[in-house]
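K.L.:
I'd like to ask you about the structure that follows.
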Amino acid sequence: MASILIAIIYLAFVSMGLPDALLGSAWPSIYGGMGVPVSWAGLVTIIMAGGTVVSSLLSDRLLRRFGTGLVTAVSTLMTAVALFGFSVSGAFWHLILWAIPYGLGAGSIDAALNNYVALKYKSRHMSWIHFFWGVGATAGPVIMGGILSGGAAWTSGYRAVGFLQTAMTLVLFLTLSLWRKNDLPQPGVSDDSSRMTRRQVLRLPGAKALLVAFFCYSSVEATAGLWASSYMTLQRGVPPETAARWASIFYLGITLGRFAIGFITDRVGDRNMIRIGQGCIILGVLTMLIPGSNTVSFAGLILAGLGCAPVYPCLLHETPVNFGAENSQTMMGFQMACAYTGSTLMPPLFGLIAGHVSIGLYPVYLLLFAVTMLLTAERMNRAGRK
């Protein structure tokens, strides 16, 4: 039964990743037809992120009442409905409207399944489910690009992914009995009467430091990916097509890295893998500060991507160990909310810095968050030992 459920979770993460990059790949075809500025894509993503943060924070209450299987199935249904809503949108306010259920559904799925895997499976599975998310996130733009190159409208791309999401929804509803049988309290998990409140969980030793670490990690990953091409082109003088190709390898490094580390993380341990990843990120960013060779700078970017691979899944898998199984879902919701906040707000902030000061501060900006992430994660480790 456990092997069947982890296979379903792998598919669910592919399904989660599919729509995540659709807006970016379709936006050049969307904004002109709707007669809105190109910058308005940010409004849609902010609405999505806001819904994701809200549903992440509410996930512990929903899961205690309805269980992981039902919450995941309903949340996936919400994202499928939202995708079909995007596919029939003819005005910008339609996109804003459908971004709400999409964000609410995505946050609940993420918090629910990450905590489920952290409680019930070994660390390698946490790395691999995030690898499968990367597979989905890569496939989404490929699907959209193929449909657009075939002469169809962007709405057809959303509709195609909506059908795939609907298929995943059916799988989840049809397997609810498996989830119910396996969705039992873990050894050592107390009943609801003895669980801590959310405020009490935040007061646990190291909790706030770890939330800062999640915020910083997502800030590093999202900012590095978004601004890599611009930095290499505007600061280093690399041709745009070359810069774009190398920047894509940053995400490829994260995705393939998570597949590879799944084979060693159980032996090395989550905490050691986190430290190795953080060291690689910092070393990669420092390498990008070396003047001269663009090849060295590209190598630093790739090293930073490989460093990102173990940090996020291993931090997530450590949640029950750090804060107790009975508090892990509450803490998981906080962690996901902080991660989404960082990935949403910090890349645009660097855009303002680049526009008003210099895009050459890109490695310095990344280094600031990477070092803060390392320090706060270690502070949490010290608090846990005490």
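By order of appearance in the structure tokens: chains A, B, ..., then residues from 1 within every chain, and ligands from 1 in the order shown.
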Determine, counting only C-alpha atoms, which protein, DNA and RNA residues have an atom within 12 Å of an atom of Gln200 of chain A; residues of the same chain fewer than 4 positions away are not included. Present the result as a tab-separated table (two decimals) with all heavy atoms, in the first residue's frame.

P.N.:
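Printed below is out11.tsv as written:
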chain	number	residue	atom	x	y	z
A	194	SER	N	-3.80	17.54	23.11
A	194	SER	CA	-2.47	17.86	23.61
A	194	SER	C	-1.59	18.51	22.56
A	194	SER	O	-0.42	18.77	22.81
A	194	SER	CB	-1.79	16.58	24.12
A	194	SER	OG	-1.67	15.64	23.09
A	195	ARG	N	-2.12	18.76	21.36
A	195	ARG	CA	-1.34	19.44	20.33
A	195	ARG	C	-1.15	20.91	20.70
A	195	ARG	O	-2.00	21.54	21.30
A	195	ARG	CB	-2.05	19.36	18.98
A	195	ARG	CG	-1.83	18.05	18.23
A	195	ARG	CD	-2.25	18.22	16.77
A	195	ARG	NE	-2.03	17.00	16.02
A	195	ARG	CZ	-2.99	16.13	15.72
A	195	ARG	NH1	-4.22	16.36	16.13
A	195	ARG	NH2	-2.72	15.05	15.04
A	196	MET	N	-0.02	21.43	20.28
A	196	MET	CA	0.25	22.84	20.52
A	196	MET	C	-0.57	23.71	19.58
A	196	MET	O	-0.91	23.29	18.47
A	196	MET	CB	1.74	23.13	20.29
A	196	MET	CG	2.66	22.55	21.32
A	196	MET	SD	4.37	23.03	21.01
A	196	MET	CE	5.18	22.31	22.44
A	204	LEU	N	8.51	27.37	19.67
A	204	LEU	CA	9.45	26.26	19.86
A	204	LEU	C	10.87	26.72	19.52
A	204	LEU	O	11.07	27.55	18.65
A	204	LEU	CB	9.05	25.08	18.97
A	204	LEU	CG	7.80	24.31	19.38
A	204	LEU	CD1	7.42	23.32	18.29
A	204	LEU	CD2	8.02	23.59	20.71
A	205	PRO	N	11.86	26.18	20.20
A	205	PRO	CA	13.25	26.57	19.94
A	205	PRO	C	13.63	26.36	18.46
A	205	PRO	O	13.45	25.28	17.91
A	205	PRO	CB	14.07	25.64	20.85
A	205	PRO	CG	13.13	25.27	21.94
A	205	PRO	CD	11.77	25.20	21.31
A	207	ALA	N	12.25	27.62	15.79
A	207	ALA	CA	11.18	27.70	14.79
A	207	ALA	C	11.29	28.95	13.93
A	207	ALA	O	11.26	28.88	12.70
A	207	ALA	CB	9.82	27.64	15.49
A	208	LYS	N	11.43	30.09	14.58
A	208	LYS	CA	11.50	31.33	13.82
A	208	LYS	C	12.75	31.40	12.96
A	208	LYS	O	12.72	31.90	11.83
A	208	LYS	CB	11.41	32.52	14.77
A	208	LYS	CG	10.06	32.64	15.46
A	208	LYS	CD	10.02	33.78	16.45
A	208	LYS	CE	8.67	33.84	17.17
A	208	LYS	NZ	8.63	34.91	18.21
A	323	PHE	N	10.62	19.40	15.23
A	323	PHE	CA	9.53	19.99	16.00
A	323	PHE	C	8.50	18.99	16.49
A	323	PHE	O	7.50	19.38	17.09
A	323	PHE	CB	8.83	21.08	15.16
A	323	PHE	CG	9.78	22.14	14.69
A	323	PHE	CD1	10.22	22.17	13.38
A	323	PHE	CD2	10.26	23.10	15.57
A	323	PHE	CE1	11.12	23.13	12.96
A	323	PHE	CE2	11.15	24.07	15.16
A	323	PHE	CZ	11.59	24.08	13.85
A	327	ASN	N	3.47	18.26	15.72
A	327	ASN	CA	3.49	19.68	15.34
A	327	ASN	C	3.94	19.89	13.90
A	327	ASN	O	3.99	21.03	13.43
A	327	ASN	CB	4.43	20.46	16.26
A	327	ASN	CG	4.04	20.36	17.72
A	327	ASN	OD1	2.88	20.51	18.07
A	327	ASN	ND2	5.00	20.07	18.58
A	330	THR	N	1.53	21.76	11.31
A	330	THR	CA	1.44	23.19	11.58
A	330	THR	C	2.71	23.91	11.13
A	330	THR	O	2.66	24.94	10.46
A	330	THR	CB	1.22	23.44	13.09
A	330	THR	OG1	0.03	22.78	13.50
A	330	THR	CG2	1.11	24.92	13.38
A	331	MET	N	3.85	23.34	11.48
A	331	MET	CA	5.12	23.95	11.09
A	331	MET	C	5.32	23.90	9.59
A	331	MET	O	5.87	24.83	8.99
A	331	MET	CB	6.27	23.23	11.81
A	331	MET	CG	7.58	23.97	11.74
A	331	MET	SD	7.49	25.58	12.54
A	331	MET	CE	9.02	26.32	11.95

K.L.:
So that I can see what lies close to Leu349 of chain A, please list as a list of chain:residue names the residues with an atom at most 12 Å from it, counting only C-alpha atoms and leaving out residues fewer than 4 positions away in the same chain.

P.N.:
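Answer for this query is A:Ser219, A:Ala222, A:Thr223, A:Leu226, A:Trp227, A:Gly342, A:Ser343, A:Thr344, A:Leu345, A:Ile353, A:Ala354, A:Gly355, A:His356, A:Val357, A:Ile359, A:Tyr362, A:Tyr365.
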
K.L.:
Considering only C-alpha atoms, return as a ChimeraX atom specification whatever protein or nucleic-acid residues lie within 9 Å of Ile302 of chain A, sequence-local ones (same chain, fewer than 4 positions apart) excluded.

P.N.:
/A:246-247,249-254,284,297-298,306-307

K.L.:
What lies within 12 Å of Thr233 of chain A using only C-alpha atoms, ignoring chain neighbours under 3 positions off, as a count of residues only?

P.N.:
21

K.L.:
At a cut-off of 9 Å, using only C-alpha atoms, what residues contact segment 73-84 of chain A? Leave out same-chain residues fewer than 3 positions from it and give the result as a short mmCIF file (atom, residue, chain, number, x, y, z; two decimals) with all heavy atoms, in the first residue's frame.

P.N.:
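Contents of the output file part10.cif:
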data_model
loop_
_atom_site.label_atom_id
_atom_site.label_comp_id
_atom_site.auth_asym_id
_atom_site.auth_seq_id
_atom_site.Cartn_x
_atom_site.Cartn_y
_atom_site.Cartn_z
N ALA A 12 1.31 13.12 -8.43
CA ALA A 12 0.71 14.37 -7.97
C ALA A 12 1.69 15.53 -8.07
O ALA A 12 1.31 16.65 -8.42
CB ALA A 12 0.22 14.21 -6.53
N SER A 15 1.94 16.59 -11.60
CA SER A 15 0.73 17.36 -11.87
C SER A 15 0.82 18.76 -11.29
O SER A 15 0.39 19.74 -11.91
CB SER A 15 -0.48 16.61 -11.30
OG SER A 15 -1.66 17.35 -11.46
N MET A 16 1.40 18.89 -10.09
CA MET A 16 1.58 20.21 -9.47
C MET A 16 2.51 21.09 -10.28
O MET A 16 2.31 22.30 -10.41
CB MET A 16 2.14 20.05 -8.06
CG MET A 16 1.14 19.59 -7.01
SD MET A 16 1.99 19.16 -5.47
CE MET A 16 2.91 20.66 -5.15
N PRO A 19 1.38 23.23 -14.28
CA PRO A 19 0.87 24.57 -14.55
C PRO A 19 1.74 25.70 -14.04
O PRO A 19 1.48 26.87 -14.36
CB PRO A 19 -0.49 24.59 -13.81
CG PRO A 19 -0.44 23.50 -12.82
CD PRO A 19 0.67 22.57 -13.17
N THR A 68 -5.45 13.64 4.65
CA THR A 68 -4.56 14.02 3.55
C THR A 68 -5.18 13.72 2.19
O THR A 68 -5.10 14.53 1.27
CB THR A 68 -3.22 13.27 3.68
OG1 THR A 68 -2.66 13.53 4.97
CG2 THR A 68 -2.25 13.72 2.61
N GLY A 69 -5.77 12.54 2.02
CA GLY A 69 -6.29 12.14 0.72
C GLY A 69 -7.37 13.07 0.21
O GLY A 69 -7.33 13.52 -0.94
N LEU A 70 -8.36 13.37 1.05
CA LEU A 70 -9.47 14.21 0.61
C LEU A 70 -9.01 15.64 0.35
O LEU A 70 -9.42 16.26 -0.65
CB LEU A 70 -10.58 14.19 1.65
CG LEU A 70 -11.87 14.95 1.27
CD1 LEU A 70 -12.46 14.39 -0.01
CD2 LEU A 70 -12.88 14.86 2.41
N SER A 87 -8.51 28.87 -19.45
CA SER A 87 -8.65 28.53 -20.87
C SER A 87 -9.84 29.20 -21.54
O SER A 87 -9.92 29.22 -22.76
CB SER A 87 -8.76 27.00 -21.03
OG SER A 87 -10.04 26.53 -20.62
N VAL A 88 -10.78 29.71 -20.75
CA VAL A 88 -11.93 30.41 -21.35
C VAL A 88 -11.90 31.90 -21.02
O VAL A 88 -12.88 32.61 -21.23
CB VAL A 88 -13.27 29.80 -20.86
CG1 VAL A 88 -13.40 28.36 -21.33
CG2 VAL A 88 -13.40 29.88 -19.33
N SER A 89 -10.78 32.39 -20.52
CA SER A 89 -10.68 33.80 -20.13
C SER A 89 -10.49 34.68 -21.36
O SER A 89 -9.64 34.41 -22.21
CB SER A 89 -9.51 34.00 -19.16
OG SER A 89 -9.73 33.31 -17.95
N LEU A 97 -9.48 36.45 -11.42
CA LEU A 97 -10.51 35.64 -10.74
C LEU A 97 -10.05 34.20 -10.59
O LEU A 97 -10.14 33.62 -9.49
CB LEU A 97 -11.82 35.70 -11.55
CG LEU A 97 -12.95 34.81 -11.04
CD1 LEU A 97 -13.43 35.28 -9.68
CD2 LEU A 97 -14.11 34.81 -12.05
N TRP A 98 -9.56 33.59 -11.67
CA TRP A 98 -9.20 32.17 -11.62
C TRP A 98 -7.88 31.93 -10.91
O TRP A 98 -7.59 30.79 -10.52
CB TRP A 98 -9.15 31.60 -13.04
CG TRP A 98 -10.51 31.54 -13.68
CD1 TRP A 98 -10.96 32.28 -14.73
CD2 TRP A 98 -11.60 30.72 -13.26
NE1 TRP A 98 -12.26 31.97 -15.01
CE2 TRP A 98 -12.69 31.01 -14.13
CE3 TRP A 98 -11.78 29.76 -12.25
CZ2 TRP A 98 -13.93 30.39 -14.00
CZ3 TRP A 98 -13.02 29.14 -12.13
CH2 TRP A 98 -14.07 29.46 -13.01
N ALA A 99 -7.09 32.98 -10.73
CA ALA A 99 -5.85 32.82 -9.97
C ALA A 99 -6.12 32.51 -8.50
O ALA A 99 -5.29 31.91 -7.82
CB ALA A 99 -5.00 34.09 -10.08
N ILE A 100 -7.29 32.91 -8.00
CA ILE A 100 -7.62 32.69 -6.58
C ILE A 100 -7.77 31.21 -6.26
O ILE A 100 -7.08 30.68 -5.37
CB ILE A 100 -8.88 33.49 -6.20
CG1 ILE A 100 -8.62 34.98 -6.36
CG2 ILE A 100 -9.31 33.16 -4.76
CD1 ILE A 100 -9.86 35.84 -6.18
N PRO A 101 -8.66 30.45 -6.95
CA PRO A 101 -8.74 29.02 -6.63
C PRO A 101 -7.47 28.26 -6.98
O PRO A 101 -7.13 27.27 -6.30
CB PRO A 101 -9.93 28.53 -7.47
CG PRO A 101 -10.08 29.53 -8.56
CD PRO A 101 -9.67 30.84 -7.96
N TYR A 102 -6.74 28.74 -7.97
CA TYR A 102 -5.48 28.06 -8.30
C TYR A 102 -4.51 28.15 -7.12
O TYR A 102 -3.92 27.16 -6.69
CB TYR A 102 -4.84 28.66 -9.55
CG TYR A 102 -3.51 28.03 -9.85
CD1 TYR A 102 -3.43 26.83 -10.54
CD2 TYR A 102 -2.33 28.60 -9.39
CE1 TYR A 102 -2.21 26.22 -10.78
CE2 TYR A 102 -1.10 28.00 -9.62
CZ TYR A 102 -1.05 26.81 -10.32
OH TYR A 102 0.17 26.21 -10.54
N GLY A 103 -4.32 29.36 -6.58
CA GLY A 103 -3.41 29.53 -5.47
C GLY A 103 -3.85 28.78 -4.23
O GLY A 103 -3.03 28.14 -3.55
N LEU A 104 -5.15 28.84 -3.92
CA LEU A 104 -5.66 28.14 -2.73
C LEU A 104 -5.46 26.63 -2.85
O LEU A 104 -5.10 25.96 -1.88
CB LEU A 104 -7.14 28.47 -2.54
CG LEU A 104 -7.47 29.91 -2.14
CD1 LEU A 104 -8.97 30.14 -2.14
CD2 LEU A 104 -6.88 30.23 -0.75
N GLY A 105 -5.69 26.09 -4.03
CA GLY A 105 -5.51 24.65 -4.22
C GLY A 105 -4.06 24.24 -4.17
O GLY A 105 -3.71 23.23 -3.54
N ALA A 106 -3.18 25.02 -4.79
CA ALA A 106 -1.77 24.65 -4.86
C ALA A 106 -1.12 24.62 -3.48
O ALA A 106 -0.33 23.73 -3.17
CB ALA A 106 -1.03 25.62 -5.78
N GLY A 107 -1.44 25.58 -2.63
CA GLY A 107 -0.84 25.63 -1.30
C GLY A 107 -1.23 24.46 -0.44
O GLY A 107 -0.40 23.90 0.30
N SER A 108 -2.49 24.05 -0.49
CA SER A 108 -2.95 22.93 0.32
C SER A 108 -2.29 21.63 -0.11
O SER A 108 -1.89 20.81 0.74
CB SER A 108 -4.48 22.80 0.20
OG SER A 108 -5.12 23.92 0.76
N ILE A 109 -2.17 21.42 -1.42
CA ILE A 109 -1.52 20.19 -1.91
C ILE A 109 -0.08 20.13 -1.42
O ILE A 109 0.40 19.12 -0.90
CB ILE A 109 -1.54 20.12 -3.44
CG1 ILE A 109 -2.96 20.19 -3.98
CG2 ILE A 109 -0.86 18.84 -3.93
CD1 ILE A 109 -3.02 20.40 -5.48
N THR A 155 -5.03 29.45 -25.01
CA THR A 155 -6.09 28.83 -24.21
C THR A 155 -6.10 27.31 -24.38
O THR A 155 -6.45 26.58 -23.45
CB THR A 155 -7.45 29.39 -24.63
OG1 THR A 155 -7.61 29.27 -26.05
CG2 THR A 155 -7.56 30.87 -24.24
N TYR A 158 -3.66 25.77 -21.86
CA TYR A 158 -4.24 25.66 -20.52
C TYR A 158 -5.27 24.53 -20.47
O TYR A 158 -5.38 23.82 -19.47
CB TYR A 158 -4.89 26.98 -20.11
CG TYR A 158 -3.95 27.90 -19.38
CD1 TYR A 158 -3.28 28.92 -20.05
CD2 TYR A 158 -3.71 27.75 -18.02
CE1 TYR A 158 -2.40 29.76 -19.38
CE2 TYR A 158 -2.84 28.59 -17.34
CZ TYR A 158 -2.19 29.59 -18.03
OH TYR A 158 -1.32 30.42 -17.36
N ARG A 159 -6.03 24.38 -21.55
CA ARG A 159 -7.05 23.33 -21.56
C ARG A 159 -6.39 21.95 -21.53
O ARG A 159 -6.85 21.04 -20.82
CB ARG A 159 -7.92 23.48 -22.81
CG ARG A 159 -9.18 22.61 -22.79
CD ARG A 159 -10.08 22.94 -23.97
NE ARG A 159 -10.53 24.33 -23.92
CZ ARG A 159 -10.18 25.26 -24.80
NH1 ARG A 159 -9.38 24.96 -25.82
NH2 ARG A 159 -10.63 26.49 -24.68
N ALA A 160 -5.29 21.78 -22.27
CA ALA A 160 -4.60 20.49 -22.29
C ALA A 160 -4.07 20.12 -20.91
O ALA A 160 -4.24 18.99 -20.43
CB ALA A 160 -3.45 20.54 -23.30
N VAL A 161 -3.46 21.08 -20.23
CA VAL A 161 -2.95 20.82 -18.89
C VAL A 161 -4.11 20.62 -17.91
O VAL A 161 -4.03 19.82 -16.98
CB VAL A 161 -2.03 21.97 -18.43
CG1 VAL A 161 -1.57 21.76 -16.99
CG2 VAL A 161 -0.82 22.07 -19.35
N GLY A 162 -5.23 21.32 -18.16
CA GLY A 162 -6.41 21.13 -17.33
C GLY A 162 -6.93 19.69 -17.41
O GLY A 162 -7.35 19.13 -16.39
N PHE A 163 -6.90 19.10 -18.60
CA PHE A 163 -7.33 17.70 -18.73
C PHE A 163 -6.39 16.76 -17.96
O PHE A 163 -6.84 15.79 -17.33
CB PHE A 163 -7.39 17.29 -20.20
CG PHE A 163 -8.63 17.77 -20.91
CD1 PHE A 163 -8.54 18.61 -22.01
CD2 PHE A 163 -9.89 17.38 -20.48
CE1 PHE A 163 -9.68 19.06 -22.66
CE2 PHE A 163 -11.04 17.82 -21.13
CZ PHE A 163 -10.94 18.66 -22.22
N LEU A 164 -5.09 17.03 -18.02
CA LEU A 164 -4.14 16.21 -17.27
C LEU A 164 -4.38 16.35 -15.77
O LEU A 164 -4.32 15.36 -15.03
CB LEU A 164 -2.71 16.63 -17.62
CG LEU A 164 -2.25 16.35 -19.05
CD1 LEU A 164 -0.86 16.94 -19.30
CD2 LEU A 164 -2.24 14.85 -19.33
N GLN A 165 -4.68 17.57 -15.34
CA GLN A 165 -4.96 17.79 -13.92
C GLN A 165 -6.26 17.09 -13.50
O GLN A 165 -6.36 16.57 -12.39
CB GLN A 165 -5.07 19.30 -13.65
CG GLN A 165 -4.84 19.71 -12.22
CD GLN A 165 -3.36 19.82 -11.88
OE1 GLN A 165 -2.53 19.23 -12.56
NE2 GLN A 165 -3.05 20.55 -10.84
N THR A 166 -7.22 17.06 -14.40
CA THR A 166 -8.48 16.36 -14.12
C THR A 166 -8.24 14.86 -13.96
O THR A 166 -8.84 14.21 -13.08
CB THR A 166 -9.49 16.62 -15.24
OG1 THR A 166 -9.72 18.04 -15.35
CG2 THR A 166 -10.80 15.92 -14.97
N MET A 168 -5.54 13.48 -12.87
CA MET A 168 -4.92 13.30 -11.55
C MET A 168 -5.97 13.39 -10.46
O MET A 168 -5.93 12.64 -9.47
CB MET A 168 -3.85 14.37 -11.35
CG MET A 168 -3.01 14.15 -10.10
SD MET A 168 -1.94 12.70 -10.22
CE MET A 168 -2.46 11.75 -8.79
N THR A 169 -6.93 14.28 -10.63
CA THR A 169 -8.01 14.41 -9.65
C THR A 169 -8.79 13.10 -9.54
O THR A 169 -9.13 12.65 -8.44
CB THR A 169 -8.96 15.56 -10.05
OG1 THR A 169 -8.21 16.77 -10.14
CG2 THR A 169 -10.07 15.73 -9.04
N LEU A 170 -9.11 12.49 -10.67
CA LEU A 170 -9.84 11.22 -10.66
C LEU A 170 -9.05 10.13 -9.96
O LEU A 170 -9.62 9.34 -9.19
CB LEU A 170 -10.16 10.81 -12.10
CG LEU A 170 -11.19 11.67 -12.84
CD1 LEU A 170 -11.30 11.23 -14.30
CD2 LEU A 170 -12.55 11.60 -12.16
N VAL A 171 -7.75 10.08 -10.22
CA VAL A 171 -6.90 9.09 -9.54
C VAL A 171 -6.97 9.27 -8.03
O VAL A 171 -7.10 8.29 -7.28
CB VAL A 171 -5.44 9.20 -10.04
CG1 VAL A 171 -4.51 8.35 -9.17
CG2 VAL A 171 -5.34 8.77 -11.50
N LEU A 172 -6.91 10.51 -7.58
CA LEU A 172 -6.93 10.77 -6.14
C LEU A 172 -8.27 10.41 -5.51
O LEU A 172 -8.30 9.81 -4.42
CB LEU A 172 -6.61 12.26 -5.89
CG LEU A 172 -5.15 12.65 -6.17
CD1 LEU A 172 -5.00 14.17 -6.19
CD2 LEU A 172 -4.22 12.05 -5.13
N PHE A 173 -9.36 10.74 -6.17
CA PHE A 173 -10.67 10.39 -5.61
C PHE A 173 -10.89 8.88 -5.61
O PHE A 173 -11.49 8.33 -4.68
CB PHE A 173 -11.78 11.10 -6.39
CG PHE A 173 -12.07 12.48 -5.90
CD1 PHE A 173 -11.72 13.58 -6.65
CD2 PHE A 173 -12.69 12.70 -4.67
CE1 PHE A 173 -11.98 14.88 -6.20
CE2 PHE A 173 -12.95 13.97 -4.20
CZ PHE A 173 -12.59 15.07 -4.96
N LEU A 176 -9.12 7.18 -2.54
CA LEU A 176 -9.34 7.73 -1.21
C LEU A 176 -9.32 6.66 -0.11
O LEU A 176 -8.87 6.91 1.01
CB LEU A 176 -10.68 8.49 -1.16
CG LEU A 176 -10.67 9.92 -1.71
CD1 LEU A 176 -12.06 10.54 -1.61
CD2 LEU A 176 -9.65 10.78 -0.96
#

K.L.:
Could you work out how far atom CA of Ala337 of chain A lies from atom CA of Thr138 of chain A, giving the answer in Å with one decimal?

P.N.:
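Value for the atom CA of Thr138 of chain A-atom CA of Ala337 of chain A distance: 23.3 Å.
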
K.L.:
Check the smallest atom-to-atom distance from each of A:Met380, A:Ala153, A:Leu178, A:Leu374 to Val321 of chain A using only C-alpha atoms, then report the winner.

P.N.:
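Selected residue with least distance to Val321 of chain A: A:Met380.
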
K.L.:
Under the rule that only C-alpha atoms are counted, which of A:Ser218, A:Thr72, A:Thr175, A:Ser156 is the nearest residue to Met346 of chain A?

P.N.:
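Checking each candidate against Met346 of chain A, we get A:Ser218 as the closest.
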
K.L.:
Just how far from atom CA of Ala309 of chain A is atom CA of Gly257 of chain A, in Å to one decimal?

P.N.:
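It comes out at 5.2 Å.
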
K.L.:
Pick from A:Leu119, A:Ile276, A:Ala7, A:Val212: nearest to Leu303 of chain A, with only C-alpha atoms counted?

P.N.:
A:Ile276

K.L.:
Tell me which protein, DNA and RNA residues are within 9 Å of Ile261 of chain A, counting only C-alpha atoms, leaving out same-chain ones fewer than 2 positions away, and put them as a PyMOL selection string.

P.N.:
chain A and resi 124+127-128+256-259+263-265+273+309-310
